[in-house]
Every structure is written in C-alpha cells, then in structure tokens.
Amino acid sequence: VERVSVPAVALAVANTAGKSRLLTFLTRNHGKVRLFTRQPTRLNPPKTFIEAVQGGELSYLSPCDNEPGRLVAFVPQRVWPGIREDFTRIVQALAFIEVVNVCATEAEPQPLLFDLLLRFLDHIERDERPETIRLVCTLQLLRIAGFAPHLDTCLACDREIAPTGRALLSAEEGGMVCPSCAPGRRERLLPVTPAALGFMVRALGLPETHLRRLRANAATVGEVSRLLNAFVEFRVDSRLHAGAFLDAMRGR
Ligand SMILES: [Zn+2]
C-alpha cells in the first residue's frame, strides 16, 4: 500500500451503507480520488470537519487488491469564505463541483481540470456574476474532458450554423442541428436562441483574459444553464441535482 500526500479539493461527502463515509476529492496528479472513512459518531468525533468546497493537503493510502483507498488525513488550507457565506455563490459552486465530480476520471493526472476548478473557485468568490462564470467554466470543463458541444456546423449536413438564426442542440450527438435537418432526427432536440448560441461560442473561443467581457442577460443565462445541464446529463448518463435545483428555482 502506497501512502500519497497531494493538494486536493473536496468534491463530495456521502454516507454509505454501514458505518462508512465516501469522500471524493480532485487532485492534480491522481485525478479523482474516492476514499472511505468511518462515519463520525458522538463517541468517535471526526478529527477534521470535511465538506465540499475545501482545498488542502490530502494524505491517503492508495487502493490496492480490491481494497478501497483509505483516508489518512485532510488538512484544509483554503475554504473560500466568500463562497460559503453567500447563498448564491455556494449554490453555483456546488453545481459546478457536481459536474467536475461526474466528469473527472480516476487514477490519471488531471492538471487542467484541477487548475480550472481552483480558478473557478477563486473567481466566483469575488465576481458579481457567479452564474455566468459557472457556465463559462462548465464549457471549458467539457472541452478539457473531450466533449465540448460542437457548435459551428450542423452535425447532419455539415453546413455552417447561422449565428442569427434558430438552431437545435442534440445532447445525444453532442452538437448542433440546423432547422432543415431537424425534422428527420429521431433524438430529442433542444431549441437554442441566437443569444445562447453566441454566448456558448464566445465562451469556448475567447482567451481567458477576455472572459470578463462576456455578458449575458438573465434569460440567456437561464437558457444556457438548462442547455448545459441537459447536455452534461446526457453525456455522463447521470442526473445533476444542483443543476436541476438551480433551474427549478428559476422556474422553467
Ligand atoms: Zn443540417
């Protein structure tokens, strides 16, 4: 059994069957790490209070021979108080972290994803538009994970998608379908307004230093959020609870 010590961000804490807890972390060099630990009890209180949106030094015994990995210690060093103390920000942070959790792979380096997560948390701690930041970072995360939506041409006829016209998104095929090809498609297609398409194209195309110029009104932000939730849910075949919560609060 190898003992590993690495910087990590806690993604999720879940009580599992029996008396154990499953802790999920993202690390730069070992990707997603899932560790079991004993559920704290009154007689056996936790040494550290671990919850999502904490960054710090993680020590664990790596999994081997069908034995799951075991937590040795987690020392929180960054807790982003500006996020924790603000309901809008913590909800956005949890929604993004949920997508990180379902997209990150285990046991391989994920430096781009790890750095994106840190930049995202630093950014939304002070930015006045936490949801816009979440959507931009979600698109960048999809690109890093290798399944960014294909936005410039129709996946059926290969013609350019007009930035001013109506088009549809196929979560199943991972890209846009033009209005002429739409009637022949069998999969579910989500209508995309020009404003939402323009936002996603710019978010994927702009260099990071220019992203603060990316603006969108509330309707476009809501639309892109719903589109990306549907897209990610289809790609990873799992339900996004925080994303669904945000869309429900907004009222579909
Ligand atoms: Zn087409």
# chains A, B, ... in the order shown; residues from 1 in each chain; ligands from 1

$ residues_near_ligand --ligand "ligand 1" --cutoff "7 Å" --atoms "only C-alpha atoms and all ligand atoms" --output "MDAnalysis selection string"
chainID A and resid 154:159 177:181

$ residues_around --residues "segment 134-138 of chain A" --least-positions-apart "2" --cutoff "8 Å" --atoms "only C-alpha atoms" --output "ChimeraX atom specification"
/A:92-93,96,99,116,120,124,130-132,140-142,200,203-204,221,224-225,228

$ write_last_selection --atoms "N, CA, C and O atoms" --output "compact mmCIF listing (two decimals), in the first residue's frame"
# COMPACT_ATOMS: atom_id res chain seq x y z
N GLN A 92 -23.88 27.99 -6.79
CA GLN A 92 -23.16 27.91 -8.07
C GLN A 92 -21.93 27.02 -7.94
O GLN A 92 -21.61 26.23 -8.84
N ALA A 93 -21.22 27.15 -6.82
CA ALA A 93 -20.02 26.35 -6.61
C ALA A 93 -20.38 24.86 -6.56
O ALA A 93 -19.72 24.02 -7.17
N PHE A 96 -21.20 23.50 -10.00
CA PHE A 96 -20.01 23.26 -10.84
C PHE A 96 -19.24 22.03 -10.34
O PHE A 96 -18.82 21.18 -11.13
N VAL A 99 -20.56 18.80 -11.54
CA VAL A 99 -20.16 18.47 -12.92
C VAL A 99 -18.71 17.98 -12.94
O VAL A 99 -18.38 17.01 -13.63
N LEU A 116 -8.49 24.47 -13.44
CA LEU A 116 -9.76 25.13 -13.76
C LEU A 116 -10.64 25.24 -12.52
O LEU A 116 -11.24 26.28 -12.26
N PHE A 120 -11.89 28.67 -10.95
CA PHE A 120 -13.34 28.89 -10.82
C PHE A 120 -13.68 29.35 -9.40
O PHE A 120 -14.39 30.33 -9.20
N ILE A 124 -15.32 32.99 -8.58
CA ILE A 124 -16.69 33.27 -8.12
C ILE A 124 -16.70 33.80 -6.69
O ILE A 124 -17.68 34.36 -6.24
N PRO A 130 -21.64 35.18 -10.53
CA PRO A 130 -21.18 33.80 -10.32
C PRO A 130 -21.78 32.79 -11.29
O PRO A 130 -21.11 31.84 -11.67
N GLU A 131 -23.02 33.02 -11.72
CA GLU A 131 -23.62 32.03 -12.62
C GLU A 131 -22.99 32.10 -14.01
O GLU A 131 -22.75 31.06 -14.64
N THR A 132 -22.71 33.32 -14.50
CA THR A 132 -22.05 33.45 -15.80
C THR A 132 -20.69 32.75 -15.75
O THR A 132 -20.32 32.02 -16.67
N GLN A 140 -15.66 25.17 -20.52
CA GLN A 140 -14.22 24.87 -20.58
C GLN A 140 -13.94 23.48 -20.02
O GLN A 140 -13.08 22.75 -20.51
N LEU A 141 -14.67 23.12 -18.98
CA LEU A 141 -14.53 21.78 -18.40
C LEU A 141 -14.89 20.71 -19.44
O LEU A 141 -14.20 19.71 -19.59
N LEU A 142 -15.98 20.96 -20.19
CA LEU A 142 -16.40 19.99 -21.21
C LEU A 142 -15.31 19.86 -22.28
O LEU A 142 -15.05 18.76 -22.78
N MET A 200 -22.30 30.64 -25.93
CA MET A 200 -21.52 29.41 -25.83
C MET A 200 -20.32 29.44 -26.79
O MET A 200 -19.22 29.00 -26.43
N ALA A 203 -17.79 31.77 -25.22
CA ALA A 203 -17.19 31.19 -24.01
C ALA A 203 -16.13 30.15 -24.36
O ALA A 203 -15.14 29.99 -23.65
N LEU A 204 -16.34 29.43 -25.47
CA LEU A 204 -15.36 28.41 -25.86
C LEU A 204 -14.21 28.99 -26.67
O LEU A 204 -13.13 28.41 -26.74
N VAL A 221 -28.71 33.53 -19.63
CA VAL A 221 -28.01 32.73 -18.61
C VAL A 221 -28.86 31.52 -18.23
O VAL A 221 -28.36 30.39 -18.16
N VAL A 224 -28.84 28.96 -21.17
CA VAL A 224 -27.57 28.23 -21.30
C VAL A 224 -27.43 27.23 -20.14
O VAL A 224 -26.97 26.10 -20.33
N SER A 225 -27.87 27.63 -18.96
CA SER A 225 -27.80 26.71 -17.82
C SER A 225 -28.61 25.45 -18.08
O SER A 225 -28.13 24.33 -17.88
N LEU A 228 -26.89 23.32 -20.86
CA LEU A 228 -25.68 22.62 -20.42
C LEU A 228 -26.02 21.50 -19.44
O LEU A 228 -25.40 20.44 -19.47

$ select_by_dssp --residues "segment 98-227 of chain A" --states "strand (DSSP E)" --output "number ranges by chain"
A: 167-170, 175-177, 190-192

$ residues_around --residues "Pro81 of chain A" --least-positions-apart "4" --cutoff "12 Å" --atoms "only C-alpha atoms" --output "PyMOL selection string"
chain A and resi 53-55+77+85-87+89-90+121-122+124-126

$ select_by_dssp --residues "segment 177-241 of chain A" --states "helix (DSSP H, G or I)" --output "PyMOL selection string"
chain A and resi 182-184+194-205+208-213+218-236+241

$ write_last_selection --atoms "N, CA and C atoms" --output "compact mmCIF listing (two decimals), in the first residue's frame"
# COMPACT_ATOMS: atom_id res chain seq x y z
N ALA A 182 -33.55 19.18 -38.81
CA ALA A 182 -34.22 18.80 -37.56
C ALA A 182 -35.40 17.84 -37.75
N PRO A 183 -36.30 18.08 -38.75
CA PRO A 183 -37.48 17.19 -38.84
C PRO A 183 -37.13 15.71 -39.03
N GLY A 184 -35.98 15.39 -39.63
CA GLY A 184 -35.64 13.99 -39.86
C GLY A 184 -34.95 13.31 -38.69
N PRO A 194 -30.38 32.48 -30.70
CA PRO A 194 -29.11 33.05 -31.16
C PRO A 194 -28.27 33.60 -30.00
N ALA A 195 -28.92 34.20 -29.00
CA ALA A 195 -28.16 34.76 -27.87
C ALA A 195 -27.42 33.66 -27.10
N ALA A 196 -28.11 32.54 -26.87
CA ALA A 196 -27.49 31.43 -26.12
C ALA A 196 -26.37 30.79 -26.95
N LEU A 197 -26.60 30.64 -28.24
CA LEU A 197 -25.56 30.06 -29.10
C LEU A 197 -24.33 30.97 -29.13
N GLY A 198 -24.58 32.28 -29.29
CA GLY A 198 -23.47 33.24 -29.31
C GLY A 198 -22.68 33.21 -28.01
N PHE A 199 -23.37 33.08 -26.87
CA PHE A 199 -22.69 33.02 -25.59
C PHE A 199 -21.78 31.80 -25.52
N MET A 200 -22.30 30.64 -25.93
CA MET A 200 -21.52 29.41 -25.83
C MET A 200 -20.32 29.44 -26.79
N VAL A 201 -20.53 29.98 -27.99
CA VAL A 201 -19.43 30.07 -28.97
C VAL A 201 -18.33 30.96 -28.41
N ARG A 202 -18.72 32.12 -27.83
CA ARG A 202 -17.70 33.04 -27.30
C ARG A 202 -17.01 32.44 -26.08
N ALA A 203 -17.79 31.77 -25.22
CA ALA A 203 -17.19 31.19 -24.01
C ALA A 203 -16.13 30.15 -24.36
N LEU A 204 -16.34 29.43 -25.47
CA LEU A 204 -15.36 28.41 -25.86
C LEU A 204 -14.21 28.99 -26.67
N GLY A 205 -14.45 30.17 -27.29
CA GLY A 205 -13.45 30.70 -28.20
C GLY A 205 -12.56 31.78 -27.63
N GLU A 208 -8.91 33.34 -21.91
CA GLU A 208 -9.42 33.52 -20.55
C GLU A 208 -9.38 34.97 -20.06
N THR A 209 -8.36 35.72 -20.52
CA THR A 209 -8.22 37.11 -20.06
C THR A 209 -9.37 37.99 -20.57
N HIS A 210 -10.07 37.53 -21.60
CA HIS A 210 -11.14 38.35 -22.17
C HIS A 210 -12.52 37.95 -21.64
N LEU A 211 -12.55 36.91 -20.82
CA LEU A 211 -13.86 36.36 -20.46
C LEU A 211 -14.69 37.31 -19.61
N ARG A 212 -14.04 38.23 -18.89
CA ARG A 212 -14.83 39.12 -18.05
C ARG A 212 -15.70 40.05 -18.90
N ARG A 213 -15.37 40.14 -20.20
CA ARG A 213 -16.19 40.97 -21.09
C ARG A 213 -17.44 40.23 -21.54
N ALA A 218 -30.34 37.81 -18.04
CA ALA A 218 -30.81 36.71 -17.18
C ALA A 218 -31.46 35.60 -17.99
N ALA A 219 -32.21 35.97 -19.05
CA ALA A 219 -32.89 34.95 -19.84
C ALA A 219 -31.88 34.04 -20.54
N THR A 220 -30.82 34.64 -21.08
CA THR A 220 -29.80 33.85 -21.78
C THR A 220 -29.04 32.97 -20.79
N VAL A 221 -28.71 33.53 -19.63
CA VAL A 221 -28.01 32.73 -18.61
C VAL A 221 -28.86 31.52 -18.23
N GLY A 222 -30.17 31.74 -18.02
CA GLY A 222 -31.07 30.64 -17.67
C GLY A 222 -31.14 29.59 -18.77
N GLU A 223 -31.20 30.06 -20.00
CA GLU A 223 -31.28 29.13 -21.14
C GLU A 223 -30.00 28.30 -21.26
N VAL A 224 -28.84 28.96 -21.17
CA VAL A 224 -27.57 28.23 -21.30
C VAL A 224 -27.43 27.23 -20.14
N SER A 225 -27.87 27.63 -18.96
CA SER A 225 -27.80 26.71 -17.82
C SER A 225 -28.61 25.45 -18.08
N ARG A 226 -29.84 25.61 -18.57
CA ARG A 226 -30.69 24.44 -18.86
C ARG A 226 -30.09 23.59 -19.97
N LEU A 227 -29.56 24.26 -21.01
CA LEU A 227 -28.96 23.51 -22.13
C LEU A 227 -27.76 22.69 -21.65
N LEU A 228 -26.89 23.32 -20.86
CA LEU A 228 -25.68 22.62 -20.42
C LEU A 228 -26.02 21.50 -19.44
N ASN A 229 -27.02 21.73 -18.57
CA ASN A 229 -27.43 20.65 -17.66
C ASN A 229 -27.89 19.44 -18.46
N ALA A 230 -28.76 19.69 -19.46
CA ALA A 230 -29.27 18.59 -20.28
C ALA A 230 -28.12 17.91 -21.03
N PHE A 231 -27.21 18.73 -21.54
CA PHE A 231 -26.09 18.21 -22.31
C PHE A 231 -25.20 17.31 -21.45
N VAL A 232 -24.81 17.83 -20.27
CA VAL A 232 -23.92 17.06 -19.39
C VAL A 232 -24.63 15.79 -18.91
N GLU A 233 -25.90 15.90 -18.53
CA GLU A 233 -26.63 14.72 -18.05
C GLU A 233 -26.63 13.62 -19.10
N PHE A 234 -26.80 14.02 -20.35
CA PHE A 234 -26.80 13.00 -21.40
C PHE A 234 -25.40 12.42 -21.60
N ARG A 235 -24.39 13.29 -21.62
CA ARG A 235 -23.02 12.81 -21.87
C ARG A 235 -22.54 11.84 -20.79
N VAL A 236 -22.85 12.13 -19.53
CA VAL A 236 -22.32 11.29 -18.45
C VAL A 236 -23.35 10.30 -17.94
N HIS A 241 -28.08 17.06 -9.61
CA HIS A 241 -29.07 17.54 -8.65
C HIS A 241 -28.98 19.05 -8.42

$ closest_residue --among "A:Ala10, A:Ile133, A:Val33, A:Ala17" --to "Leu61 of chain A" --atoms "only C-alpha atoms"
A:Val33

$ residues_around --residues "Thr37 of chain A" --least-positions-apart "6" --cutoff "8 Å" --atoms "only C-alpha atoms" --output "JSON, numbers by chain"
{"A": [20, 21, 22, 23, 70, 71]}

$ closest_residue --among "A:Leu43, A:Ala95, A:Leu168, A:Ala107" --to "Arg28 of chain A" --atoms "only C-alpha atoms"
A:Ala107

$ closest_residue --among "A:Ala145, A:His30, A:Val102, A:Ala52" --to "Ala14 of chain A" --atoms "only C-alpha atoms"
A:Ala52

$ atom_distance --atom1 "atom CA of Ser59 of chain A" --atom2 "atom CA of His123 of chain A"
26.8 Å

$ atom_distance --atom1 "atom CA of Pro7 of chain A" --atom2 "atom CA of Gly56 of chain A"
5.6 Å

$ residues_around --residues "Thr24 of chain A" --least-positions-apart "5" --cutoff "10 Å" --atoms "only C-alpha atoms" --output "JSON, numbers by chain"
{"A": [8, 9, 10, 11, 12, 13, 14, 32, 33, 34, 35, 36, 51, 52, 101]}

$ write_last_selection --atoms "C-alpha atoms" --output "CSV table (one decimal), in the first residue's frame"
chain,number,residue,atom,x,y,z
A,8,ALA,CA,-6.7,18.3,-3.2
A,9,VAL,CA,-10.2,19.9,-3.3
A,10,ALA,CA,-13.0,18.0,-1.6
A,11,LEU,CA,-15.8,17.4,-4.1
A,12,ALA,CA,-18.4,15.4,-2.1
A,13,VAL,CA,-19.0,13.7,1.2
A,14,ALA,CA,-21.6,10.9,1.3
A,32,LYS,CA,-10.5,11.9,-8.8
A,33,VAL,CA,-9.7,10.0,-5.6
A,34,ARG,CA,-12.5,8.2,-3.7
A,35,LEU,CA,-11.8,7.3,-0.2
A,36,PHE,CA,-13.7,5.5,2.6
A,51,GLU,CA,-17.1,19.0,3.4
A,52,ALA,CA,-17.2,20.0,-0.3
A,101,ASN,CA,-17.3,15.1,-10.0

$ atom_distance --atom1 "atom CA of Cys103 of chain A" --atom2 "atom CA of Asp127 of chain A"
24.7 Å

$ closest_residue --among "A:Leu214, A:Ala171, A:Ala248, A:Leu26" --to "Ala148 of chain A" --atoms "only C-alpha atoms"
A:Ala171

$ closest_residue --among "A:Arg3, A:Thr41, A:Ala216, A:Glu57" --to "Gly69 of chain A" --atoms "only C-alpha atoms"
A:Arg3
